[in-house]
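Visitor: Okay, so here is model-v5.cif, and as you'll see once you scroll down, it has mmCIF, C-alpha atoms and all ligand atoms.
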data_work
#
loop_
_atom_site.label_atom_id
_atom_site.label_comp_id
_atom_site.auth_asym_id
_atom_site.auth_seq_id
_atom_site.Cartn_x
_atom_site.Cartn_y
_atom_site.Cartn_z
CA MET A 1 -23.74 75.81 40.13
CA PRO A 2 -22.84 75.07 36.48
CA THR A 3 -24.78 77.23 34.04
CA VAL A 4 -23.94 75.33 30.87
CA CYS A 5 -26.51 72.79 29.76
CA ILE A 6 -24.78 69.61 28.70
CA ASP A 7 -26.79 68.18 25.87
CA PRO A 8 -27.65 64.64 26.94
CA VAL A 9 -27.61 63.51 23.34
CA GLN A 10 -24.35 65.21 22.37
CA LYS A 11 -22.31 62.03 22.00
CA HIS A 12 -24.66 60.01 19.90
CA HIS A 13 -25.52 60.58 16.31
CA GLY A 14 -29.17 59.66 16.24
CA VAL A 15 -32.20 60.82 18.13
CA ILE A 16 -33.39 57.33 18.96
CA ALA A 17 -31.90 55.53 21.90
CA LEU A 18 -31.98 52.06 23.40
CA GLY A 19 -34.19 51.56 26.44
CA CYS A 20 -32.68 48.72 28.47
CA TRP A 21 -35.56 48.00 30.85
CA SER A 22 -36.62 45.28 28.39
CA PHE A 23 -33.66 43.21 29.69
CA ASP A 24 -35.51 42.85 33.01
CA SER A 25 -37.38 39.54 32.91
CA SER A 26 -39.33 40.36 36.08
CA TYR A 27 -41.46 42.75 33.99
CA TRP A 28 -40.68 41.60 30.43
CA VAL A 29 -41.45 37.98 31.13
CA GLY A 30 -39.29 35.38 29.38
CA GLN A 31 -36.48 37.77 28.42
CA GLU A 32 -33.14 35.94 28.02
CA ASP A 33 -29.75 37.56 28.67
CA ASP A 34 -28.34 36.28 25.36
CA ASP A 35 -31.05 38.14 23.48
CA SER A 36 -30.38 41.28 25.52
CA LEU A 37 -26.65 41.09 24.71
CA ALA A 38 -27.51 40.69 21.02
CA VAL A 39 -29.83 43.70 21.23
CA MET A 40 -27.02 45.89 22.59
CA ALA A 41 -24.63 44.78 19.85
CA GLY A 42 -27.35 45.29 17.23
CA ALA A 43 -28.15 48.76 18.53
CA LEU A 44 -24.53 49.84 18.18
CA ARG A 45 -24.36 48.40 14.65
CA CYS A 46 -27.41 50.53 13.81
CA GLY A 47 -25.80 53.67 15.27
CA MET A 48 -27.99 53.69 18.39
CA ASN A 49 -25.41 54.40 21.06
CA HIS A 50 -27.37 56.08 23.82
CA PHE A 51 -28.24 53.34 26.33
CA ASP A 52 -30.76 54.08 29.07
CA THR A 53 -31.10 52.01 32.24
CA ALA A 54 -31.89 52.32 35.97
CA PHE A 55 -31.16 50.60 39.26
CA ALA A 56 -34.89 49.79 39.44
CA TYR A 57 -34.75 47.63 36.32
CA GLY A 58 -34.34 44.26 37.99
CA ARG A 59 -32.76 45.96 41.04
CA GLY A 60 -29.44 46.39 39.26
CA LYS A 61 -29.72 43.39 36.94
CA CYS A 62 -29.94 45.44 33.75
CA GLU A 63 -27.05 47.68 34.82
CA SER A 64 -24.91 44.59 35.52
CA LEU A 65 -25.65 43.14 32.09
CA ILE A 66 -24.77 46.40 30.36
CA GLY A 67 -21.58 46.64 32.42
CA ARG A 68 -20.63 43.11 31.40
CA PHE A 69 -21.31 43.87 27.73
CA LEU A 70 -19.36 47.15 27.67
CA ALA A 71 -16.37 45.81 29.63
CA ALA A 72 -16.08 42.57 27.65
CA ASN A 73 -16.06 44.44 24.35
CA GLY A 74 -14.16 47.59 25.40
CA LEU A 75 -17.09 49.74 24.30
CA ARG A 76 -17.51 52.26 27.14
CA GLU A 77 -16.30 55.18 25.03
CA GLN A 78 -18.72 54.33 22.22
CA VAL A 79 -21.78 54.65 24.41
CA PHE A 80 -23.66 57.56 25.93
CA LEU A 81 -24.66 55.94 29.20
CA ALA A 82 -27.66 57.04 31.26
CA THR A 83 -28.99 55.54 34.49
CA LYS A 84 -31.29 56.51 37.34
CA GLY A 85 -31.82 56.25 41.08
CA ALA A 86 -34.84 56.83 43.30
CA SER A 87 -35.19 60.04 45.30
CA HIS A 88 -35.90 58.23 48.61
CA GLY A 89 -37.99 61.05 49.97
CA GLY A 90 -35.23 63.63 49.60
CA ASP A 91 -32.22 61.80 51.00
CA GLY A 92 -29.09 63.23 49.36
CA GLU A 93 -26.75 60.64 50.82
CA GLY A 94 -29.16 57.91 49.68
CA ILE A 95 -28.94 58.90 46.04
CA LEU A 96 -25.14 59.13 46.21
CA ALA A 97 -25.05 55.55 47.53
CA LEU A 98 -27.30 54.49 44.66
CA LEU A 99 -25.03 56.26 42.17
CA GLU A 100 -21.96 54.43 43.54
CA GLY A 101 -23.80 51.13 43.19
CA SER A 102 -24.70 51.94 39.58
CA LEU A 103 -21.10 52.87 38.72
CA ASN A 104 -19.92 49.55 40.17
CA ARG A 105 -22.47 47.46 38.31
CA LEU A 106 -21.89 49.34 35.06
CA GLN A 107 -18.10 48.97 35.61
CA VAL A 108 -17.49 52.66 34.82
CA ASP A 109 -16.11 55.67 36.67
CA HIS A 110 -18.80 58.03 35.41
CA VAL A 111 -22.16 58.05 33.64
CA ASP A 112 -23.04 60.59 30.99
CA LEU A 113 -26.49 61.29 32.42
CA TYR A 114 -27.96 60.46 35.83
CA TYR A 115 -31.67 60.87 36.52
CA ILE A 116 -33.70 61.15 39.70
CA HIS A 117 -36.07 58.37 38.67
CA TRP A 118 -39.33 59.21 40.45
CA PRO A 119 -40.02 62.13 42.76
CA THR A 120 -41.51 61.50 46.19
CA ARG A 121 -44.64 63.60 46.42
CA GLY A 122 -44.69 66.36 49.00
CA LYS A 123 -40.99 66.01 49.87
CA ASP A 124 -38.26 68.61 49.51
CA LEU A 125 -35.96 67.09 46.89
CA ARG A 126 -33.38 69.89 46.98
CA PRO A 127 -30.95 67.81 49.10
CA VAL A 128 -30.99 65.16 46.33
CA MET A 129 -30.20 67.76 43.68
CA GLU A 130 -27.42 69.27 45.82
CA ALA A 131 -25.90 65.82 46.20
CA LEU A 132 -26.04 65.21 42.45
CA GLU A 133 -24.39 68.58 41.77
CA ARG A 134 -21.55 67.48 44.08
CA ALA A 135 -21.27 64.23 42.10
CA ARG A 136 -21.23 66.25 38.87
CA SER A 137 -18.39 68.46 40.14
CA GLN A 138 -16.44 65.28 40.99
CA GLY A 139 -16.87 64.08 37.40
CA LYS A 140 -19.07 61.09 38.28
CA ILE A 141 -22.02 62.46 36.29
CA GLY A 142 -21.93 64.32 32.98
CA ALA A 143 -25.48 65.67 33.06
CA ILE A 144 -28.37 65.62 35.55
CA GLY A 145 -31.88 64.56 34.65
CA VAL A 146 -35.23 64.13 36.31
CA SER A 147 -37.97 61.70 35.42
CA ASN A 148 -41.71 61.89 36.04
CA PHE A 149 -41.43 65.31 37.73
CA SER A 150 -44.10 68.00 37.81
CA VAL A 151 -43.33 71.64 37.02
CA GLU A 152 -43.40 72.48 40.75
CA GLN A 153 -40.92 69.71 41.53
CA MET A 154 -38.60 70.83 38.73
CA ALA A 155 -38.80 74.47 39.87
CA GLN A 156 -37.95 73.52 43.45
CA ILE A 157 -34.80 71.55 42.68
CA SER A 158 -33.72 74.12 40.07
CA GLU A 159 -33.09 76.47 42.99
CA VAL A 160 -29.98 74.42 43.80
CA GLY A 161 -28.92 72.85 40.50
CA LYS A 162 -29.32 72.67 36.73
CA ILE A 163 -31.66 70.09 35.22
CA ASP A 164 -30.37 69.07 31.80
CA ALA A 165 -32.97 66.50 30.78
CA HIS A 166 -36.44 65.30 31.66
CA GLN A 167 -37.32 61.70 30.86
CA LEU A 168 -41.08 61.41 30.57
CA CYS A 169 -43.77 59.18 29.12
CA TYR A 170 -44.80 60.51 25.73
CA ASN A 171 -46.36 58.80 22.75
CA LEU A 172 -49.45 58.98 20.52
CA LEU A 173 -51.53 57.45 23.33
CA TRP A 174 -50.20 59.44 26.31
CA ARG A 175 -49.67 63.18 25.84
CA TYR A 176 -50.33 64.83 29.19
CA ALA A 177 -46.76 66.18 29.36
CA GLU A 178 -47.74 68.58 26.56
CA ASP A 179 -49.90 70.62 28.97
CA GLU A 180 -47.30 72.06 31.34
CA VAL A 181 -44.19 69.90 31.63
CA ILE A 182 -42.86 70.11 28.08
CA PRO A 183 -43.51 73.88 27.82
CA TYR A 184 -41.51 74.32 31.06
CA CYS A 185 -38.70 72.19 29.59
CA LEU A 186 -38.67 74.31 26.44
CA GLU A 187 -38.51 77.54 28.46
CA ASN A 188 -35.68 76.23 30.62
CA ASN A 189 -33.54 74.48 28.02
CA ILE A 190 -34.24 71.03 29.43
CA ALA A 191 -33.95 68.25 26.85
CA VAL A 192 -37.06 66.07 26.63
CA VAL A 193 -36.30 62.35 26.51
CA THR A 194 -39.37 60.19 25.83
CA TYR A 195 -40.09 56.80 27.35
CA SER A 196 -42.61 54.10 26.41
CA SER A 197 -42.37 55.75 23.01
CA LEU A 198 -44.14 52.77 21.38
CA ALA A 199 -46.60 52.52 24.30
CA GLN A 200 -44.88 49.28 25.33
CA GLY A 201 -45.42 47.68 21.92
CA ILE A 202 -49.01 48.88 21.28
CA LEU A 203 -47.84 51.36 18.65
CA THR A 204 -46.32 48.60 16.56
CA GLY A 205 -49.94 47.63 15.84
CA LYS A 206 -49.18 43.98 16.59
CA PHE A 207 -51.66 43.37 19.41
CA PRO A 208 -55.14 42.01 18.59
CA ARG A 209 -58.27 43.40 20.24
CA GLY A 210 -58.73 40.14 22.13
CA LEU A 211 -55.19 40.28 23.51
CA GLU A 212 -54.38 37.99 26.45
CA LEU A 213 -50.98 38.91 27.87
CA ALA A 214 -49.03 36.19 29.67
CA LYS A 215 -50.03 36.08 33.33
CA ARG A 216 -46.70 37.39 34.62
CA ASP A 217 -46.27 40.02 31.87
CA GLY A 218 -45.75 43.35 33.67
CA ARG A 219 -47.91 45.08 31.08
CA ASN A 220 -50.99 43.60 32.76
CA ARG A 221 -50.60 46.51 35.20
CA MET A 222 -50.25 49.22 32.55
CA LEU A 223 -53.07 51.74 32.12
CA LEU A 224 -53.56 51.39 28.35
CA PHE A 225 -54.20 47.64 28.69
CA GLU A 226 -56.93 48.14 31.33
CA ARG A 227 -60.26 46.59 30.34
CA ASP A 228 -62.27 49.82 29.96
CA ILE A 229 -59.50 51.70 28.13
CA TRP A 230 -58.18 49.00 25.79
CA PRO A 231 -61.13 49.14 23.28
CA HIS A 232 -60.52 52.88 22.77
CA VAL A 233 -56.80 52.23 22.32
CA CYS A 234 -57.62 49.59 19.68
CA ASP A 235 -59.95 52.00 17.84
CA GLY A 236 -57.14 54.54 17.68
CA VAL A 237 -54.53 52.00 16.61
CA GLU A 238 -56.76 50.87 13.73
CA GLU A 239 -56.98 54.45 12.50
CA PHE A 240 -53.24 55.00 12.96
CA LYS A 241 -52.63 51.83 10.94
CA SER A 242 -54.70 53.04 8.01
CA VAL A 243 -52.62 56.26 7.94
CA ALA A 244 -49.47 54.10 8.03
CA ASP A 245 -50.74 51.93 5.15
CA GLN A 246 -51.40 55.01 3.05
CA ALA A 247 -47.94 56.39 3.85
CA GLY A 248 -46.32 53.04 2.97
CA ARG A 249 -44.59 52.84 6.37
CA SER A 250 -45.03 50.71 9.48
CA LEU A 251 -47.01 52.20 12.34
CA SER A 252 -43.98 51.94 14.64
CA HIS A 253 -41.94 54.06 12.22
CA LEU A 254 -44.64 56.72 12.14
CA ALA A 255 -45.04 56.65 15.92
CA ILE A 256 -41.30 57.24 16.34
CA ARG A 257 -41.11 59.97 13.70
CA TRP A 258 -44.17 61.68 15.17
CA LEU A 259 -42.22 61.95 18.44
CA THR A 260 -39.01 63.20 16.86
CA ALA A 261 -41.02 66.01 15.24
CA ARG A 262 -42.62 67.20 18.50
CA PRO A 263 -41.27 70.39 20.14
CA GLY A 264 -38.59 69.82 22.76
CA VAL A 265 -38.00 66.13 22.03
CA ARG A 266 -34.27 65.47 21.82
CA SER A 267 -34.17 61.74 22.38
CA VAL A 268 -36.66 58.91 21.90
CA LEU A 269 -36.10 55.81 24.04
CA ILE A 270 -37.30 52.51 22.64
CA GLY A 271 -36.98 49.15 24.32
CA ALA A 272 -36.25 46.01 22.31
CA ARG A 273 -36.14 42.33 23.27
CA LYS A 274 -34.84 40.90 20.02
CA VAL A 275 -32.23 42.18 17.61
CA GLU A 276 -34.84 42.23 14.79
CA GLN A 277 -36.86 44.74 16.83
CA VAL A 278 -33.91 47.06 17.32
CA GLU A 279 -33.14 46.94 13.60
CA GLN A 280 -36.75 47.67 12.72
CA ASN A 281 -36.84 50.59 15.16
CA ALA A 282 -33.54 52.06 13.93
CA ALA A 283 -34.90 52.06 10.36
CA ALA A 284 -37.62 54.51 11.46
CA MET A 285 -35.19 57.35 10.91
CA THR A 286 -34.70 56.63 7.21
CA GLY A 287 -36.69 58.36 4.48
CA ASP A 288 -39.05 61.33 4.53
CA ILE A 289 -42.42 61.41 6.22
CA HIS A 290 -44.85 64.01 4.90
CA PRO A 291 -45.86 66.57 7.57
CA GLU A 292 -49.51 65.97 6.62
CA THR A 293 -49.14 62.32 7.67
CA LEU A 294 -47.94 63.43 11.11
CA GLU A 295 -50.83 65.91 11.35
CA ARG A 296 -53.31 63.13 10.66
CA LEU A 297 -51.78 61.06 13.46
CA THR A 298 -52.10 64.03 15.82
CA ALA A 299 -55.79 64.45 14.94
CA ILE A 300 -56.51 60.76 15.65
CA SER A 301 -54.50 60.94 18.85
CA ASP A 302 -56.50 64.02 19.97
CA GLU A 303 -59.68 61.92 19.81
CA VAL A 304 -58.24 58.81 21.51
CA MET A 305 -56.80 60.91 24.34
CA LYS A 306 -60.35 61.91 25.33
CA HIS A 307 -60.82 58.31 26.52
CA ILE A 308 -57.55 58.04 28.44
CA PRO A 309 -57.78 59.47 31.96
CA ASP A 310 -54.97 61.56 33.40
CA VAL A 311 -54.06 59.33 36.32
CA GLY A 312 -50.62 60.90 36.63
CA ASN A 313 -48.65 58.16 34.91
CA ILE A 314 -49.35 54.98 32.92
CA PHE A 315 -48.14 52.74 35.77
CA ARG A 316 -50.37 54.31 38.46
CA TYR A 317 -47.17 54.51 40.47
CA TYR A 318 -47.06 57.16 43.18
CA PRO A 319 -44.05 56.72 45.45
CA GLN A 320 -45.26 57.43 48.98
CA GLY A 321 -47.91 59.76 47.59
CA GLU A 322 -51.65 59.81 47.37
CA LYS A 323 -53.42 58.37 44.33
CA ARG A 324 -55.33 60.65 42.01
N1 LIG B 1 -38.22 56.90 33.54
C1 LIG B 1 -39.19 56.03 33.67
O1 LIG B 1 -39.96 56.04 34.63
C2 LIG B 1 -39.35 54.99 32.60
C3 LIG B 1 -40.52 54.21 32.53
C4 LIG B 1 -40.63 53.29 31.50
C5 LIG B 1 -39.60 53.15 30.57
N2 LIG B 1 -38.46 53.90 30.67
C6 LIG B 1 -37.34 53.77 29.72
O2 LIG B 1 -37.83 53.88 28.39
C7 LIG B 1 -37.50 52.70 27.66
C8 LIG B 1 -38.58 52.39 26.64
O3 LIG B 1 -39.87 52.30 27.26
P1 LIG B 1 -40.69 50.94 27.43
O4 LIG B 1 -39.76 49.79 27.41
O5 LIG B 1 -41.59 51.15 28.58
O6 LIG B 1 -41.65 50.92 26.17
P2 LIG B 1 -41.48 50.90 24.57
O7 LIG B 1 -40.14 51.28 24.15
O8 LIG B 1 -42.64 51.67 24.07
O9 LIG B 1 -41.79 49.36 24.24
C9 LIG B 1 -40.80 48.38 24.32
C10 LIG B 1 -41.39 47.02 23.99
O10 LIG B 1 -42.12 47.04 22.77
C11 LIG B 1 -41.89 45.83 22.04
N3 LIG B 1 -41.22 46.23 20.77
C12 LIG B 1 -40.22 47.15 20.62
N4 LIG B 1 -39.87 47.26 19.33
C13 LIG B 1 -40.67 46.44 18.64
C14 LIG B 1 -40.79 46.14 17.26
N5 LIG B 1 -40.03 46.72 16.35
N6 LIG B 1 -41.72 45.22 16.89
C15 LIG B 1 -42.53 44.63 17.80
N7 LIG B 1 -42.45 44.87 19.12
C16 LIG B 1 -41.53 45.78 19.55
C17 LIG B 1 -40.99 44.94 22.90
O11 LIG B 1 -41.79 44.12 23.77
P3 LIG B 1 -42.53 42.75 23.30
O12 LIG B 1 -41.70 42.13 22.22
O13 LIG B 1 -42.63 41.95 24.54
O14 LIG B 1 -43.90 43.19 22.81
C18 LIG B 1 -40.28 45.99 23.77
O15 LIG B 1 -39.82 45.49 24.99
C19 LIG B 1 -37.30 51.62 28.73
O16 LIG B 1 -36.52 50.55 28.26
C20 LIG B 1 -36.61 52.43 29.80
O17 LIG B 1 -35.24 52.60 29.47
C21 LIG B 1 -38.35 54.82 31.67
#
Translate the structure described by the file into C-alpha cells.

Guide:
Amino acid sequence: MPTVCIDPVQKHHGVIALGCWSFDSSYWVGQEDDDSLAVMAGALRCGMNHFDTAFAYGRGKCESLIGRFLAANGLREQVFLATKGASHGGDGEGILALLEGSLNRLQVDHVDLYYIHWPTRGKDLRPVMEALERARSQGKIGAIGVSNFSVEQMAQISEVGKIDAHQLCYNLLWRYAEDEVIPYCLENNIAVVTYSSLAQGILTGKFPRGLELAKRDGRNRMLLFERDIWPHVCDGVEEFKSVADQAGRSLSHLAIRWLTARPGVRSVLIGARKVEQVEQNAAAMTGDIHPETLERLTAISDEVMKHIPDVGNIFRYYPQGEKR
C-alpha cells in the first residue's frame, strides 16, 4: 500500500477548481454545450486547471464533453483531472469497469484523482478500495478520493488503502462536516475538497426571497430551497450581503475566501454555466480580505445553521440506505 499522500492539488496553481456538473442539462436545465466549452476555456485562461467531473453527471455526458475539449485542443497535460464512480454496494470489479468507462470518455490513459462518489450505507467498501489501489499501481489513477463518506466509512477502507482526498459539501450554509469528518481528514492528511461551495448559486446573493426556479431545475430538490428552510437561508444571505457591502467585495468572493481560510480545505470546487461566471469566481482570489470580515461571516453562519437540519446531505440522497 503506498504511504505517500499525493496532493490532489499539486498540479494546479490555484485553490479554486472548476466543477463540471454544471454541464449536465438534466439537472442544470437549459445548459448548452457551447457555453460549457467556453467555460472550460475561460477557466484555463484564469488559471483554474483542476477540472472535477463524475460518471453520474449526465451518465457520462460531462466526461465526454471534457474529453472532447481536451483532445481537440491538446490540453490533457495542462489539466488536473478528477472524476468519480459509484461504490455499487462494495463491488470492486464494478468500480474498475466504471473507471475504464471514464478513461474512454475522457480520452485519457489516467486520471489524476479518482473518487468513490457515494458510499453505500452498511456495506463493506474495502473491496472497492482494494480495486482502486490496484488501478493506482497500474498508473490509471494518480490519487484516490472519497466523497460523502462518514468517519467510520473512511476508517474501514483505510485498512486496505490510502485516501488522499475527501470531496464534501461545505459552505457558509452547510457546515456539518466540521463536526467529525474534517477533523478526521486533518488527522489523517486527507485533503478536503469542497463542493457546492456557493450553495448552488445561493451564496452569490442573486436569488430573491420569492424565487421560483424553473420546473425542471434540479435545485427544486435541494434542501436549502425547501419551503420551510428557504426563509432562514434568505435571512442569512441578507446579513452576509451587508458584510460584503462593507468589505467592498461581492458575496460570492467572500464565500469562496471564507472556505479557502478554513482548516483542511485544499481545493474549492465551483460550478459555472457561463464564462462570465467563471471569470467572476476566479477573481475571488485577488486582493486581501480582513480576517475580521471572515469572522463576521462565521458568526452569521453559526446562527443560520441552527435552522438547517442535519439530514445527512443537501440532496437527501442515501444510496440503498435508510433516511434520517
Ligand atoms: N461529490 C459530490 O457528491 C458532489 C455534489 C455536488 C457537486 N459536486 C461537484 O462540485 C461542483 C460545484 O458544486 P455545485 O455545482 O453543486 O454548486 P456551486 O458551485 O455552489 O454552484 C454552481 C452554480 O452556481 C451558479 N453560479 C456559479 N458562479 C456564479 C456566479 N459567479 N454568478 C452567478 N451565479 C453563479 C451557476 O448556476 P446558475 O447560473 O444556474 O444559477 C452554477 O452552476 C460540481 O460542479 C461538481 O463538480 C460534487

Visitor: With all atoms listed in the file as the atoms that count, which of A:Val146, A:Leu211, A:Val265, A:Ile300 lies nearest to ligand LIG 1 (chain B)?

Guide: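 Residue with the minimum atom-to-atom distance to ligand LIG 1 (chain B): A:Val146.
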
Visitor: Counting only C-alpha atoms and all ligand atoms, figure out which residue out of A:Arg45, A:His88, A:His166, A:Arg126 gets nearest to ligand LIG 1 (chain B).

Guide: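 Answer, going by the shortest atom-to-atom distance: A:His166.
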
Visitor: Can you tell me, as a list of chain:residue names, which residues sit within 9 Å of (-44.1, 63.1, 33.2) in the file's frame, using all atoms listed in the file?

Guide: A:Ser147, A:Asn148, A:Phe149, A:Ser150, A:His166, A:Gln167, A:Leu168, A:Cys169, A:Tyr170, A:Tyr176, A:Ala177, A:Val181, A:Ile182, A:Gly312, A:Asn313

Visitor: At most 6 Å is the cut-off: for each residue in chain A with any atom that close to an atom of ligand LIG 1 (chain B), write down the nearest atom pair and the distance in Å rounded to one decimal, counting only C-alpha atoms and all ligand atoms, chain first then increasing number, as JSON lines.

Guide:
{"residue": "A:Gly19", "atom": "CA", "partner": "B:LIG1", "partner_atom": "O16", "distance": 3.1}
{"residue": "A:Cys20", "atom": "CA", "partner": "B:LIG1", "partner_atom": "O16", "distance": 4.3}
{"residue": "A:Trp21", "atom": "CA", "partner": "B:LIG1", "partner_atom": "O16", "distance": 3.8}
{"residue": "A:Ser22", "atom": "CA", "partner": "B:LIG1", "partner_atom": "O15", "distance": 4.7}
{"residue": "A:Asp52", "atom": "CA", "partner": "B:LIG1", "partner_atom": "O17", "distance": 4.7}
{"residue": "A:Thr53", "atom": "CA", "partner": "B:LIG1", "partner_atom": "O17", "distance": 5.0}
{"residue": "A:His117", "atom": "CA", "partner": "B:LIG1", "partner_atom": "N1", "distance": 5.8}
{"residue": "A:Ser147", "atom": "CA", "partner": "B:LIG1", "partner_atom": "N1", "distance": 5.2}
{"residue": "A:Gln167", "atom": "CA", "partner": "B:LIG1", "partner_atom": "N1", "distance": 5.6}
{"residue": "A:Tyr195", "atom": "CA", "partner": "B:LIG1", "partner_atom": "O2", "distance": 3.8}
{"residue": "A:Ser196", "atom": "CA", "partner": "B:LIG1", "partner_atom": "O6", "distance": 3.3}
{"residue": "A:Ser197", "atom": "CA", "partner": "B:LIG1", "partner_atom": "O8", "distance": 4.2}
{"residue": "A:Leu198", "atom": "CA", "partner": "B:LIG1", "partner_atom": "O8", "distance": 3.3}
{"residue": "A:Ala199", "atom": "CA", "partner": "B:LIG1", "partner_atom": "O8", "distance": 4.1}
{"residue": "A:Gln200", "atom": "CA", "partner": "B:LIG1", "partner_atom": "O9", "distance": 3.3}
{"residue": "A:Gly201", "atom": "CA", "partner": "B:LIG1", "partner_atom": "O10", "distance": 3.5}
{"residue": "A:Thr204", "atom": "CA", "partner": "B:LIG1", "partner_atom": "C15", "distance": 5.6}
{"residue": "A:Leu269", "atom": "CA", "partner": "B:LIG1", "partner_atom": "C8", "distance": 5.0}
{"residue": "A:Ile270", "atom": "CA", "partner": "B:LIG1", "partner_atom": "O7", "distance": 3.4}
{"residue": "A:Gly271", "atom": "CA", "partner": "B:LIG1", "partner_atom": "O7", "distance": 3.8}
{"residue": "A:Ala272", "atom": "CA", "partner": "B:LIG1", "partner_atom": "C18", "distance": 4.3}
{"residue": "A:Arg273", "atom": "CA", "partner": "B:LIG1", "partner_atom": "O15", "distance": 5.1}
{"residue": "A:Gln277", "atom": "CA", "partner": "B:LIG1", "partner_atom": "N5", "distance": 3.8}
{"residue": "A:Gln280", "atom": "CA", "partner": "B:LIG1", "partner_atom": "N5", "distance": 5.0}
{"residue": "A:Asn281", "atom": "CA", "partner": "B:LIG1", "partner_atom": "N5", "distance": 5.2}

Visitor: Check the smallest atom-to-atom distance from each of A:Asp34, A:Gly85, A:Trp28, A:Arg227 to Glu212 (chain A) using all atoms listed in the file, then report the winner.

Guide: A:Arg227

Visitor: From the list A:Asp310, A:Thr194, A:Met222, A:Arg209, which residue is nearest Ala255 (chain A) when using all atoms listed in the file?

Guide: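 Of the candidates, the smallest distance to Ala255 (chain A) is held by A:Thr194.
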
Visitor: Could you jot down the CA of Tyr318 (chain A) to CA of Ala86 (chain A) separation for me, Å, one decimal place?

Guide: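 Between these atoms lies a distance of 12.2 Å.
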
Visitor: Work out how far apart CA of Leu294 (chain A) and CA of His50 (chain A) are and give it in Å to one decimal.

Guide: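 CA of His50 (chain A) lies at a distance of 25.3 Å from CA of Leu294 (chain A).
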
Visitor: What does the structure give for the distance between CA of Ala38 (chain A) and CA of Leu75 (chain A), in Å to one decimal?

Guide: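 CA of Ala38 (chain A) sits 14.2 Å away from CA of Leu75 (chain A).
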
Visitor: Compile the contact shell of Ser102 (chain A) as a count of residues only: residues with an atom at most 9 Å away, counting all atoms listed in the file, same-chain residues fewer than 5 positions apart removed.

Guide: 12

Visitor: Find the residues around His110 (chain A) up to 9 Å (only C-alpha atoms counted), leave out those fewer than 5 positions away in its own chain, and share them as JSON, numbers by chain.

Guide: {"A": [81, 103, 139, 140, 141, 142]}

Visitor: What does the file look like for those residues with C-alpha atoms, as a short mmCIF file (atom, residue, chain, number, x, y, z; two decimals), in the frame of the given file?

Guide:
data_model
loop_
_atom_site.label_atom_id
_atom_site.label_comp_id
_atom_site.auth_asym_id
_atom_site.auth_seq_id
_atom_site.Cartn_x
_atom_site.Cartn_y
_atom_site.Cartn_z
CA LEU A 81 -24.66 55.94 29.20
CA LEU A 103 -21.10 52.87 38.72
CA GLY A 139 -16.87 64.08 37.40
CA LYS A 140 -19.07 61.09 38.28
CA ILE A 141 -22.02 62.46 36.29
CA GLY A 142 -21.93 64.32 32.98
#

Visitor: If we count only C-alpha atoms, what is near Ser242 (chain A) at a cut-off of 12 Å, once residues fewer than 6 positions away on the same chain are taken out, given as a list in words?

Guide: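 Once the nearby chain positions are removed, what remains is Gly205, Asp235, Gly236, Gly248, Arg249, Ser250, Leu251, Leu254, Thr293, Arg296, Leu297 and Ile300 of chain A.
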
Visitor: Got a sec: who's within 8 Å of Leu186 (chain A), counting all atoms listed in the file, leaving out chain neighbours fewer than 4 positions off, as a VMD selection string?

Guide: chain A and resid 182 190 to 191 263 to 264

Visitor: Pick out the closest residue to Val268 (chain A) from this set: A:Ala244, A:Val128, A:Val193, A:Ala284. Count all atoms listed in the file.

Guide: A:Val193

Visitor: Select, from A:Glu152, A:Asp91, A:Asp164, A:Asp35, the residue with the minimum atom-to-atom distance to Leu113 (chain A), counting only C-alpha atoms.

Guide: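 Ranking A:Glu152, A:Asp91, A:Asp164, A:Asp35 by distance to Leu113 (chain A), first place goes to A:Asp164.
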
Visitor: Got a sec: who's within 12 Å of Gln138 (chain A), counting only C-alpha atoms, leaving out chain neighbours fewer than 5 positions off, as a tab-separated table (two decimals) with C-alpha atoms, in the coordinates of the input?

Guide:
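Written file, out-v9.tsv:
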chain	number	residue	atom	x	y	z
A	96	LEU	CA	-25.14	59.13	46.21
A	109	ASP	CA	-16.11	55.67	36.67
A	110	HIS	CA	-18.80	58.03	35.41
A	111	VAL	CA	-22.16	58.05	33.64
A	131	ALA	CA	-25.90	65.82	46.20
A	132	LEU	CA	-26.04	65.21	42.45
A	133	GLU	CA	-24.39	68.58	41.77

Visitor: Distance cut-off 12 Å, centre (-27.8, 67.8, 47.2) in file coordinates, counting all atoms listed in the file: which residues qualify? Return them as a PyMOL selection string.

Guide: chain A and resi 1+87+90-96+116+124-137+144+157-162
